$ cat coords-v3.csv   # CSV, C-alpha atoms
chain,number,residue,atom,x,y,z
H,1,MET,CA,-26.4,-132.4,63.4
H,2,LEU,CA,-29.8,-133.3,61.8
H,3,GLU,CA,-30.1,-132.9,58.0
H,4,ARG,CA,-33.7,-132.3,57.0
H,5,ALA,CA,-35.3,-133.3,53.7
H,6,ASP,CA,-34.8,-129.7,52.4
H,7,GLY,CA,-31.1,-129.9,53.0
H,8,SER,CA,-31.1,-127.6,56.0
H,9,GLN,CA,-29.3,-128.7,59.1
H,10,GLN,CA,-30.3,-128.4,62.8
H,11,PRO,CA,-28.3,-129.3,65.9
H,12,ILE,CA,-29.8,-132.1,68.0
H,13,HIS,CA,-30.0,-131.3,71.7
H,14,PRO,CA,-28.5,-134.2,73.7
H,15,LEU,CA,-31.5,-134.3,76.2
H,16,TRP,CA,-34.0,-134.3,73.3
H,17,LEU,CA,-32.2,-137.4,71.9
H,18,ARG,CA,-31.8,-139.0,75.4
H,19,GLU,CA,-35.5,-138.8,76.0
H,20,ARG,CA,-36.1,-140.8,72.8
H,21,CYS,CA,-34.0,-143.9,73.7
H,22,HIS,CA,-36.0,-147.0,72.9
H,23,ASP,CA,-33.8,-149.6,74.7
H,24,ALA,CA,-35.0,-151.9,77.5
H,25,ALA,CA,-33.1,-149.8,80.1
H,26,SER,CA,-35.0,-146.7,79.1
H,27,MET,CA,-38.5,-147.9,78.4
H,28,ASP,CA,-40.8,-150.8,79.0
H,29,LEU,CA,-40.8,-152.5,75.6
H,30,LYS,CA,-44.4,-153.7,76.0
H,31,THR,CA,-46.1,-150.4,77.0
H,32,ARG,CA,-43.6,-148.1,75.2
H,33,GLN,CA,-43.5,-146.0,78.3
H,34,ARG,CA,-40.4,-144.5,79.9
H,35,LEU,CA,-38.9,-146.1,82.9
H,36,GLN,CA,-37.1,-142.9,84.0
H,37,ASP,CA,-38.3,-139.4,84.6
H,38,PRO,CA,-36.4,-137.3,82.0
H,39,SER,CA,-36.3,-134.3,84.4
H,40,ASP,CA,-33.8,-136.3,86.4
H,41,PHE,CA,-31.3,-136.4,83.5
H,42,ASP,CA,-28.3,-134.1,83.9
H,43,PRO,CA,-29.2,-130.8,82.3
H,44,ASP,CA,-25.6,-130.6,81.1
H,45,LEU,CA,-25.8,-133.9,79.3
H,46,LYS,CA,-23.5,-134.2,76.3
H,47,ILE,CA,-23.1,-136.7,73.4
H,48,ARG,CA,-19.7,-138.3,74.1
H,49,ALA,CA,-19.4,-140.4,71.0
H,50,LEU,CA,-21.3,-141.0,67.7
H,51,SER,CA,-20.7,-143.8,65.2
H,52,GLN,CA,-22.6,-145.4,62.4
H,53,ALA,CA,-23.6,-148.9,63.4
H,54,SER,CA,-25.2,-149.8,60.0
H,55,PRO,CA,-26.6,-147.9,57.1
H,56,GLY,CA,-29.2,-145.5,58.5
H,57,VAL,CA,-28.5,-146.5,62.1
H,58,TYR,CA,-26.3,-144.6,64.5
H,59,HIS,CA,-24.9,-145.6,67.9
H,60,VAL,CA,-24.7,-142.8,70.5
H,61,GLU,CA,-22.8,-142.7,73.8
H,62,PHE,CA,-24.0,-140.1,76.2
H,63,SER,CA,-21.9,-138.4,79.0
H,64,ASP,CA,-24.0,-140.2,81.7
H,65,GLY,CA,-22.6,-143.5,80.3
H,66,HIS,CA,-25.9,-144.6,78.6
H,67,GLN,CA,-25.6,-146.0,75.1
H,68,ALA,CA,-28.3,-146.3,72.5
H,69,SER,CA,-28.9,-146.8,68.8
H,70,PHE,CA,-31.2,-144.6,66.6
H,71,SER,CA,-32.7,-144.9,63.2
H,72,ALA,CA,-32.0,-141.8,61.2
H,73,GLU,CA,-35.4,-142.2,59.5
H,74,GLU,CA,-37.3,-142.4,62.8
H,75,ILE,CA,-35.4,-139.3,64.1
H,76,LEU,CA,-36.3,-137.3,61.0
H,77,GLU,CA,-40.0,-138.3,61.4
H,78,GLU,CA,-39.9,-137.3,65.1
H,79,ALA,CA,-38.2,-134.0,64.3
H,80,ALA,CA,-40.9,-133.2,61.7
H,81,LEU,CA,-43.6,-133.9,64.4
H,82,ALA,CA,-42.0,-131.5,66.7
H,83,SER,CA,-43.0,-128.6,64.5
H,84,ASN,CA,-46.2,-130.1,63.1
H,85,SER,CA,-47.7,-131.6,66.3
H,86,ASP,CA,-50.0,-134.0,64.4
H,87,ASP,CA,-49.1,-136.8,62.0
H,88,CYS,CA,-52.6,-137.3,60.6
H,89,PRO,CA,-53.6,-135.8,57.3
H,90,ALA,CA,-53.7,-132.0,57.2
H,91,PRO,CA,-57.1,-130.4,56.8
H,92,ARG,CA,-57.9,-129.4,53.2
H,93,LEU,CA,-60.0,-126.3,53.5
H,94,TRP,CA,-63.1,-126.1,51.2
H,95,ASP,CA,-66.0,-123.8,50.3
H,96,GLY,CA,-69.3,-124.0,48.5
H,97,ALA,CA,-67.5,-125.0,45.3
H,98,LEU,CA,-66.4,-128.3,46.9
H,99,GLY,CA,-68.0,-130.4,44.2
H,100,ALA,CA,-68.4,-134.1,44.8
H,101,LEU,CA,-69.1,-134.8,48.4
H,102,PRO,CA,-67.0,-137.5,50.2
H,103,ARG,CA,-69.5,-140.4,50.1
H,104,ALA,CA,-68.9,-144.0,50.9
H,105,ARG,CA,-71.0,-147.2,50.8
H,106,TRP,CA,-71.4,-148.4,54.3
H,107,ARG,CA,-70.2,-151.8,55.3
H,108,PRO,CA,-70.3,-153.1,58.8
H,109,ASP,CA,-67.1,-155.2,58.1
H,110,PRO,CA,-64.9,-153.0,55.9
H,111,SER,CA,-61.5,-154.0,54.9
H,112,ALA,CA,-58.6,-152.1,56.4
H,113,ALA,CA,-58.1,-150.3,53.1
H,114,GLU,CA,-61.7,-149.2,53.0
H,115,LEU,CA,-61.6,-148.0,56.6
H,116,PHE,CA,-58.4,-146.2,56.0
H,117,SER,CA,-59.9,-144.4,53.0
H,118,TRP,CA,-63.0,-143.4,55.0
H,119,LEU,CA,-60.7,-141.9,57.7
H,120,GLU,CA,-58.6,-140.1,55.2
H,121,SER,CA,-61.7,-138.4,53.8
H,122,PHE,CA,-63.0,-137.5,57.2
H,123,LEU,CA,-59.7,-136.1,58.5
H,124,THR,CA,-59.0,-134.2,55.3
H,125,LEU,CA,-62.4,-132.6,54.7
H,126,GLY,CA,-63.9,-132.8,58.2
H,127,PHE,CA,-66.8,-135.0,57.2
H,128,VAL,CA,-67.9,-138.1,55.3
H,129,ILE,CA,-71.3,-139.3,54.2
H,130,PHE,CA,-72.2,-143.0,54.4
H,131,GLU,CA,-74.9,-144.4,52.2
H,132,GLY,CA,-76.9,-147.6,52.8
H,133,VAL,CA,-76.7,-147.6,56.5
H,134,PRO,CA,-79.5,-149.9,57.9
H,135,THR,CA,-82.3,-147.7,59.3
H,136,ALA,CA,-83.0,-149.8,62.4
H,137,PRO,CA,-83.1,-147.4,65.4
H,138,GLY,CA,-79.9,-147.3,67.3
H,139,THR,CA,-77.7,-148.1,64.3
H,140,VAL,CA,-75.9,-144.8,64.7
H,141,LEU,CA,-74.3,-146.1,67.9
H,142,LYS,CA,-73.0,-149.2,66.1
H,143,VAL,CA,-71.4,-147.0,63.4
H,144,ALA,CA,-69.9,-144.6,66.0
H,145,SER,CA,-68.4,-147.5,67.9
H,146,MET,CA,-66.2,-148.3,64.8
H,147,PHE,CA,-64.5,-144.9,65.1
H,148,GLY,CA,-64.5,-144.2,68.8
H,149,PHE,CA,-66.2,-144.2,72.2
H,150,THR,CA,-69.7,-142.7,72.5
H,151,ARG,CA,-69.8,-139.4,74.4
H,152,GLU,CA,-73.0,-139.4,76.5
H,153,THR,CA,-74.6,-136.1,77.3
H,154,ASN,CA,-77.8,-134.9,79.0
H,155,PHE,CA,-79.5,-135.8,75.7
H,156,GLY,CA,-78.4,-139.4,76.3
H,157,ALA,CA,-76.0,-141.7,74.4
H,158,LEU,CA,-78.3,-141.3,71.4
H,159,PHE,CA,-80.7,-138.5,70.6
H,160,ASP,CA,-83.6,-138.2,68.3
H,161,VAL,CA,-83.8,-135.2,65.9
H,162,ARG,CA,-87.4,-134.7,64.9
H,163,SER,CA,-90.1,-132.0,65.4
H,164,THR,CA,-91.8,-132.5,68.7
H,165,PRO,CA,-94.2,-130.5,70.9
H,166,ASP,CA,-92.5,-128.8,73.9
H,167,ALA,CA,-89.1,-129.1,72.4
H,168,THR,CA,-86.2,-128.4,74.7
H,169,ASP,CA,-83.9,-127.4,71.8
H,170,LEU,CA,-84.6,-125.8,68.5
H,171,ALA,CA,-83.0,-128.8,66.8
H,172,TYR,CA,-86.2,-130.7,67.8
H,173,THR,CA,-88.5,-128.3,65.9
H,174,SER,CA,-89.0,-127.7,62.1
H,175,VAL,CA,-87.4,-124.2,62.0
H,176,SER,CA,-84.3,-123.5,59.9
H,177,LEU,CA,-81.0,-123.6,61.8
H,178,ASP,CA,-78.1,-121.3,60.9
H,179,PRO,CA,-74.6,-122.7,60.9
H,180,HIS,CA,-73.5,-123.6,64.4
H,181,THR,CA,-71.3,-126.0,66.4
H,182,ASP,CA,-73.0,-128.3,68.9
H,183,ASN,CA,-72.7,-128.1,72.6
H,184,PRO,CA,-70.4,-125.0,72.9
H,185,TYR,CA,-71.6,-124.8,76.5
H,186,ARG,CA,-69.7,-128.0,77.4
H,187,ALA,CA,-66.1,-128.4,78.6
H,188,PRO,CA,-64.9,-130.2,76.7
H,189,VAL,CA,-67.1,-129.9,73.6
H,190,PRO,CA,-67.9,-133.2,71.9
H,191,GLY,CA,-65.5,-133.4,69.0
H,192,ILE,CA,-67.4,-135.4,66.4
H,193,GLN,CA,-71.1,-135.7,65.6
H,194,LEU,CA,-72.9,-138.4,63.7
H,195,LEU,CA,-76.4,-137.9,62.3
H,196,HIS,CA,-78.3,-140.9,60.8
H,197,CYS,CA,-81.4,-140.4,58.7
H,198,LEU,CA,-84.0,-143.0,59.5
H,199,VAL,CA,-86.8,-141.5,57.3
H,200,ASN,CA,-87.2,-138.2,55.5
H,201,GLU,CA,-90.6,-137.6,53.8
H,202,THR,CA,-90.3,-133.9,53.5
H,203,SER,CA,-89.1,-131.7,50.6
H,204,GLY,CA,-87.2,-129.3,52.9
H,205,GLY,CA,-84.9,-130.0,55.8
H,206,LEU,CA,-81.7,-129.9,53.7
H,207,SER,CA,-78.6,-130.4,55.7
H,208,THR,CA,-76.0,-127.7,55.5
H,209,LEU,CA,-72.2,-127.8,56.3
H,210,VAL,CA,-69.6,-125.0,56.4
H,211,ASP,CA,-65.9,-125.4,56.8
H,212,GLY,CA,-65.4,-123.0,59.7
H,213,PHE,CA,-61.6,-123.2,59.3
H,214,ALA,CA,-61.9,-122.0,55.7
H,215,VAL,CA,-64.1,-119.1,56.7
H,216,ALA,CA,-61.8,-118.2,59.6
H,217,GLU,CA,-58.7,-118.2,57.3
H,218,ALA,CA,-60.6,-116.0,54.8
H,219,LEU,CA,-61.4,-113.6,57.7
H,220,ARG,CA,-57.7,-113.7,58.8
H,221,ALA,CA,-56.6,-112.8,55.3
H,222,GLY,CA,-59.2,-110.1,54.6
H,223,HIS,CA,-60.0,-108.7,58.0
H,224,PRO,CA,-57.0,-109.5,60.4
H,225,GLN,CA,-58.3,-107.2,63.1
H,226,ALA,CA,-61.7,-108.8,63.2
H,227,PHE,CA,-60.0,-112.2,63.2
H,228,GLU,CA,-57.9,-111.2,66.2
H,229,VAL,CA,-60.9,-109.9,68.1
H,230,LEU,CA,-62.7,-113.3,67.7
H,231,THR,CA,-59.6,-115.1,68.9
H,232,ARG,CA,-59.3,-113.2,72.2
H,233,THR,CA,-63.0,-112.5,73.2
H,234,PRO,CA,-64.3,-115.0,75.7
H,235,VAL,CA,-67.9,-115.7,74.8
H,236,ARG,CA,-70.2,-117.5,77.3
H,237,PHE,CA,-72.5,-120.2,76.0
H,238,ARG,CA,-75.4,-121.4,78.1
H,239,TYR,CA,-78.0,-124.2,77.9
H,240,VAL,CA,-80.9,-124.6,80.3
H,241,ASP,CA,-83.8,-127.0,80.7
H,242,ALA,CA,-85.7,-128.4,83.6
H,243,ASP,CA,-82.9,-130.7,84.7
H,244,THR,CA,-79.7,-129.2,83.2
H,245,GLU,CA,-77.8,-125.9,83.3
H,246,LEU,CA,-74.5,-125.8,81.5
H,247,THR,CA,-72.2,-122.9,80.8
H,248,ALA,CA,-68.7,-122.6,79.3
H,249,SER,CA,-66.6,-119.8,77.8
H,250,ALA,CA,-64.5,-119.9,74.7
H,251,PRO,CA,-63.5,-117.6,71.9
H,252,PRO,CA,-65.4,-118.0,68.7
H,253,ILE,CA,-62.1,-118.8,66.9
H,254,GLU,CA,-59.7,-120.8,69.1
H,255,LEU,CA,-56.0,-121.0,68.1
H,256,ASP,CA,-53.3,-123.4,69.3
H,257,VAL,CA,-50.0,-122.3,70.8
H,258,THR,CA,-48.5,-122.0,67.3
H,259,GLY,CA,-51.3,-119.7,66.1
H,260,ALA,CA,-52.9,-122.3,63.9
H,261,LEU,CA,-56.6,-122.9,64.0
H,262,LYS,CA,-57.7,-125.3,66.7
H,263,SER,CA,-61.5,-125.0,67.0
H,264,VAL,CA,-64.5,-123.0,66.2
H,265,HIS,CA,-67.1,-122.2,68.9
H,266,PHE,CA,-70.2,-120.6,67.4
H,267,SER,CA,-73.9,-120.8,68.1
H,268,PRO,CA,-75.9,-117.6,67.5
H,269,ARG,CA,-78.8,-119.1,69.6
H,270,LEU,CA,-76.7,-119.5,72.7
H,271,ASP,CA,-73.8,-116.9,72.8
H,272,LEU,CA,-73.6,-114.2,75.5
H,273,VAL,CA,-70.6,-111.9,75.4
H,274,PRO,CA,-69.7,-110.3,78.7
H,275,LEU,CA,-70.3,-106.6,79.4
H,276,PHE,CA,-66.9,-105.3,78.3
H,277,SER,CA,-66.2,-101.6,77.5
H,278,ALA,CA,-68.3,-100.0,74.7
H,279,GLU,CA,-65.2,-99.9,72.5
H,280,ARG,CA,-64.4,-103.6,72.9
H,281,LEU,CA,-68.0,-104.6,72.4
H,282,GLU,CA,-68.3,-102.5,69.3
H,283,ALA,CA,-65.2,-104.3,67.8
H,284,TYR,CA,-66.6,-107.7,68.8
H,285,PHE,CA,-70.1,-107.1,67.4
H,286,ARG,CA,-68.6,-106.0,64.1
H,287,ALA,CA,-66.2,-108.9,63.9
H,288,ARG,CA,-69.0,-111.4,64.8
H,289,ARG,CA,-71.2,-109.9,62.1
H,290,LEU,CA,-68.4,-110.4,59.5
H,291,PHE,CA,-67.8,-114.0,60.5
H,292,ASP,CA,-71.5,-115.0,60.8
H,293,HIS,CA,-72.4,-113.5,57.4
H,294,ARG,CA,-69.6,-115.4,55.8
H,295,LEU,CA,-70.7,-118.6,57.5
H,296,ARG,CA,-74.1,-118.2,56.0
H,297,ALA,CA,-72.9,-117.1,52.6
H,298,PRO,CA,-73.7,-119.5,49.7
H,299,ASP,CA,-70.1,-119.4,48.5
H,300,PHE,CA,-68.9,-121.1,51.7
H,301,GLN,CA,-71.9,-123.4,52.4
H,302,ILE,CA,-72.9,-126.7,50.9
H,303,ARG,CA,-76.4,-128.2,51.1
H,304,PHE,CA,-77.5,-131.7,50.6
H,305,LEU,CA,-80.5,-133.9,51.4
H,306,LEU,CA,-80.0,-136.7,53.8
H,307,LYS,CA,-82.2,-139.5,52.6
H,308,SER,CA,-83.2,-142.7,54.4
H,309,GLY,CA,-80.1,-144.7,55.1
H,310,ASP,CA,-77.7,-141.8,54.9
H,311,LEU,CA,-75.4,-141.0,57.8
H,312,VAL,CA,-73.1,-138.0,58.0
H,313,MET,CA,-70.1,-137.9,60.4
H,314,PHE,CA,-68.5,-134.5,60.9
H,315,ASP,CA,-65.9,-132.7,63.0
H,316,ASN,CA,-67.8,-130.6,65.4
H,317,CYS,CA,-64.7,-128.5,66.2
H,318,ARG,CA,-64.1,-127.5,62.6
H,319,LEU,CA,-67.4,-127.7,60.7
H,320,LEU,CA,-70.6,-125.8,61.4
H,321,HIS,CA,-73.8,-127.5,60.5
H,322,GLY,CA,-77.4,-126.5,60.1
H,323,ARG,CA,-80.6,-127.2,58.1
H,324,THR,CA,-83.2,-125.5,56.1
H,325,GLY,CA,-86.7,-125.4,57.5
H,326,PHE,CA,-89.3,-128.0,56.6
H,327,ASP,CA,-93.1,-128.6,56.9
H,328,PRO,CA,-93.8,-131.5,59.3
H,329,GLY,CA,-97.2,-131.7,57.7
H,330,GLU,CA,-95.6,-133.2,54.6
H,331,GLY,CA,-94.4,-136.3,56.5
H,332,LEU,CA,-91.9,-137.5,59.0
H,333,ARG,CA,-88.3,-136.4,59.2
H,334,HIS,CA,-86.5,-138.4,61.8
H,335,LEU,CA,-82.7,-138.5,62.4
H,336,GLN,CA,-80.8,-140.1,65.2
H,337,GLY,CA,-77.5,-138.7,66.4
H,338,CYS,CA,-74.6,-139.3,68.8
H,339,TYR,CA,-71.2,-137.9,69.7
H,340,ILE,CA,-67.7,-139.3,69.9
H,341,ASP,CA,-64.5,-137.6,71.0
H,342,ALA,CA,-62.2,-136.2,68.4
H,343,ASP,CA,-59.3,-138.5,69.1
H,344,GLY,CA,-61.0,-141.7,68.1
H,345,PRO,CA,-60.6,-141.5,64.3
H,346,ARG,CA,-57.1,-140.1,64.7
H,347,SER,CA,-56.1,-143.1,66.9
H,348,LEU,CA,-57.6,-145.6,64.5
H,349,TYR,CA,-55.9,-143.9,61.5
H,350,ARG,CA,-52.5,-144.2,63.1
H,351,VAL,CA,-53.1,-147.9,64.1
H,352,LEU,CA,-54.2,-148.8,60.6
H,353,ARG,CA,-51.2,-147.0,59.1
H,354,ARG,CA,-48.8,-148.7,61.5
H,355,ARG,CA,-50.2,-152.1,60.7
H,356,ALA,CA,-49.9,-151.4,56.9
H,357,GLN,CA,-46.3,-150.3,57.3
H,358,THR,CA,-45.5,-153.4,59.4
H,359,SER,CA,-47.0,-155.7,56.8
H,360,ALA,CA,-45.1,-153.9,54.0
H,361,VAL,CA,-41.8,-154.5,55.9
H,362,ARG,CA,-42.6,-158.1,56.5
H,363,ARG,CA,-43.4,-158.6,52.8
H,364,SER,CA,-40.2,-157.0,51.7
H,365,ALA,CA,-38.1,-159.0,54.2
$ encode --input "coords-v3.csv" --output "structure tokens"
Amino acid sequence: MLERADGSQQPIHPLWLRERCHDAASMDLKTRQRLQDPSDFDPDLKIRALSQASPGVYHVEFSDGHQASFSAEEILEEAALASNSDDCPAPRLWDGALGALPRARWRPDPSAAELFSWLESFLTLGFVIFEGVPTAPGTVLKVASMFGFTRETNFGALFDVRSTPDATDLAYTSVSLDPHTDNPYRAPVPGIQLLHCLVNETSGGLSTLVDGFAVAEALRAGHPQAFEVLTRTPVRFRYVDADTELTASAPPIELDVTGALKSVHFSPRLDLVPLFSAERLEAYFRARRLFDHRLRAPDFQIRFLLKSGDLVMFDNCRLLHGRTGFDPGEGLRHLQGCYIDADGPRSLYRVLRRRAQTSAVRRSA
């Protein structure tokens, strides 16, 4: 019987525990990967004997003859993960009243504590702004490599965001851009975007961010039927240029298997809903209108000026970004961007946490 922190108790299934044996007979101690397929265990496996080997450590004998020791603390942590699914910081939803933005002074060789702090800000709020990043072209790739592997697309490993003639995307013009997620026409969608300002000589072109999860939760609370419509309507997104034609379908609001928010897929320049019945389309169009108007509302949106040397890294599955229009006649506005996958910062956060915990144990020993 497992006793949780709140005092409640939950039975431990023998197979659940057997799969978590960490001894040399059960797993390769270097790779931490199982040596046995758990589907081959006896489905009627039982715990034959249980004893306390030392404070906080229990010795278990299973009905198949295998014996193993378990730390009560580790089992409690594992049990918590079973219901939470992610051991990284939980998102802290925000709106237009966020206040101080998560800014950090960039250093190419940060201490582990600095890097951990940057990651906490990013994972909690969905974005972080670095100041003082060298403005040499291509620096965004060096910053990205600290957090994950670059995700190359048809735009290249690195792309330039500036107003150009014959632009193949509205991002490469000077028009304002409503809140949107990038590349919803891809499968999978790039999880994280970095945008680095090399120069900004214009008075416009303010960057905008919206916490799509906060807006989605507000919609769920105030308009549950509209929220449900947006979670079950497959919208087709499409991008076409001379050398590329990409399409993918996804609901505007995607949930995980527990019903929690997983991702937002939204780009009003690129979305194409299938020809459903008139009744279903009517419900979708009304729901999309509610969602879109809230995404653009000042009480959910923040605006800030990216100046030369600023770099913003944001979660492209949670946050929507955009910009106000600008006059290219005022001067040059040149950003460089790239993508990395969503799992990079999470992996790095866990590694840094594990190293800090190991160091703490060694110091106390």
$ closest_residue --input "coords-v3.csv" --among "H:Leu320, H:Val240, H:Ala356, H:Met313" --to "Trp118 in chain H" --atoms "only C-alpha atoms"
H:Met313
$ atom_distance --input "coords-v3.csv" --atom1 "CA of Pro274 in chain H" --atom2 "CA of Ser249 in chain H"
10.0 Å
$ atom_distance --input "coords-v3.csv" --atom1 "CA of Gly205 in chain H" --atom2 "CA of Asp241 in chain H"
25.1 Å
$ residues_near_point --input "coords-v3.csv" --point "(-69.8, -143.9, 49.2)" --cutoff "12 Å" --atoms "all atoms listed in the file" --output "short mmCIF file (atom, residue, chain, number, x, y, z; two decimals) with C-alpha atoms, in the coordinates of the input"
data_model
loop_
_atom_site.label_atom_id
_atom_site.label_comp_id
_atom_site.auth_asym_id
_atom_site.auth_seq_id
_atom_site.Cartn_x
_atom_site.Cartn_y
_atom_site.Cartn_z
CA ALA H 100 -68.40 -134.10 44.80
CA LEU H 101 -69.10 -134.80 48.40
CA PRO H 102 -67.00 -137.50 50.20
CA ARG H 103 -69.50 -140.40 50.10
CA ALA H 104 -68.90 -144.00 50.90
CA ARG H 105 -71.00 -147.20 50.80
CA TRP H 106 -71.40 -148.40 54.30
CA ARG H 107 -70.20 -151.80 55.30
CA GLU H 114 -61.70 -149.20 53.00
CA LEU H 115 -61.60 -148.00 56.60
CA SER H 117 -59.90 -144.40 53.00
CA TRP H 118 -63.00 -143.40 55.00
CA SER H 121 -61.70 -138.40 53.80
CA VAL H 128 -67.90 -138.10 55.30
CA ILE H 129 -71.30 -139.30 54.20
CA PHE H 130 -72.20 -143.00 54.40
CA GLU H 131 -74.90 -144.40 52.20
CA GLY H 132 -76.90 -147.60 52.80
CA VAL H 133 -76.70 -147.60 56.50
CA GLY H 309 -80.10 -144.70 55.10
CA ASP H 310 -77.70 -141.80 54.90
CA LEU H 311 -75.40 -141.00 57.80
CA VAL H 312 -73.10 -138.00 58.00
#
$ atom_distance --input "coords-v3.csv" --atom1 "CA of Arg236 in chain H" --atom2 "CA of Arg286 in chain H"
17.6 Å
$ closest_residue --input "coords-v3.csv" --among "H:Ala80, H:Leu194, H:Ile47, H:Leu119" --to "Leu141 in chain H" --atoms "only C-alpha atoms"
H:Leu194
$ residues_near_point --input "coords-v3.csv" --point "(-60.7, -139.4, 66.5)" --cutoff "10 Å" --atoms "all atoms listed in the file" --output "MDAnalysis selection string"
chainID H and resid 119 122:123 147:149 191:192 315 340:349
$ closest_residue --input "coords-v3.csv" --among "H:Gly212, H:Pro43, H:Pro137, H:Gly156" --to "Leu93 in chain H" --atoms "all atoms listed in the file"
H:Gly212
$ decode --input "coords-v3.csv" --residues "range 83-132 of chain H" --atoms "C-alpha atoms" --output "compact mmCIF listing (two decimals), in the first residue's frame"
# COMPACT_ATOMS: atom_id res chain seq x y z
CA SER H 83 -0.83 11.11 -12.85
CA ASN H 84 1.07 14.27 -13.84
CA SER H 85 3.00 12.89 -16.87
CA ASP H 86 5.61 15.69 -16.76
CA ASP H 87 8.15 16.47 -14.06
CA CYS H 88 9.07 19.89 -15.45
CA PRO H 89 7.63 23.12 -14.00
CA ALA H 90 3.91 23.49 -14.65
CA PRO H 91 2.85 26.35 -16.95
CA ARG H 92 1.86 29.54 -15.15
CA LEU H 93 -0.84 31.08 -17.30
CA TRP H 94 -0.67 34.83 -17.87
CA ASP H 95 -2.52 37.65 -19.61
CA GLY H 96 -1.89 41.26 -20.59
CA ALA H 97 -1.30 42.19 -16.95
CA LEU H 98 1.80 39.99 -16.77
CA GLY H 99 3.96 42.91 -15.65
CA ALA H 100 7.73 42.45 -15.72
CA LEU H 101 8.77 40.31 -18.67
CA PRO H 102 11.16 37.39 -18.09
CA ARG H 103 14.41 39.01 -19.23
CA ALA H 104 17.94 37.69 -18.80
CA ARG H 105 21.38 39.02 -19.68
CA TRP H 106 22.82 36.67 -22.27
CA ARG H 107 26.10 34.91 -21.55
CA PRO H 108 27.58 32.28 -23.90
CA ASP H 109 29.02 30.44 -20.89
CA PRO H 110 26.35 30.65 -18.16
CA SER H 111 26.72 28.87 -14.87
CA ALA H 112 24.49 25.86 -14.25
CA ALA H 113 22.41 28.01 -11.88
CA GLU H 114 21.93 30.72 -14.52
CA LEU H 115 20.97 28.22 -17.19
CA PHE H 116 18.57 26.50 -14.81
CA SER H 117 16.95 29.87 -14.03
CA TRP H 118 16.53 30.65 -17.73
CA LEU H 119 14.90 27.29 -18.30
CA GLU H 120 12.53 27.72 -15.34
CA SER H 121 11.33 31.06 -16.76
CA PHE H 122 10.85 29.56 -20.19
CA LEU H 123 9.04 26.43 -19.03
CA THR H 124 6.81 28.36 -16.63
CA LEU H 125 5.81 31.33 -18.79
CA GLY H 126 6.47 29.89 -22.23
CA PHE H 127 9.07 32.48 -23.20
CA VAL H 128 12.21 34.30 -22.16
CA ILE H 129 13.90 37.40 -23.61
CA PHE H 130 17.69 37.53 -23.73
CA GLU H 131 19.40 40.91 -23.87
CA GLY H 132 22.88 41.69 -25.12
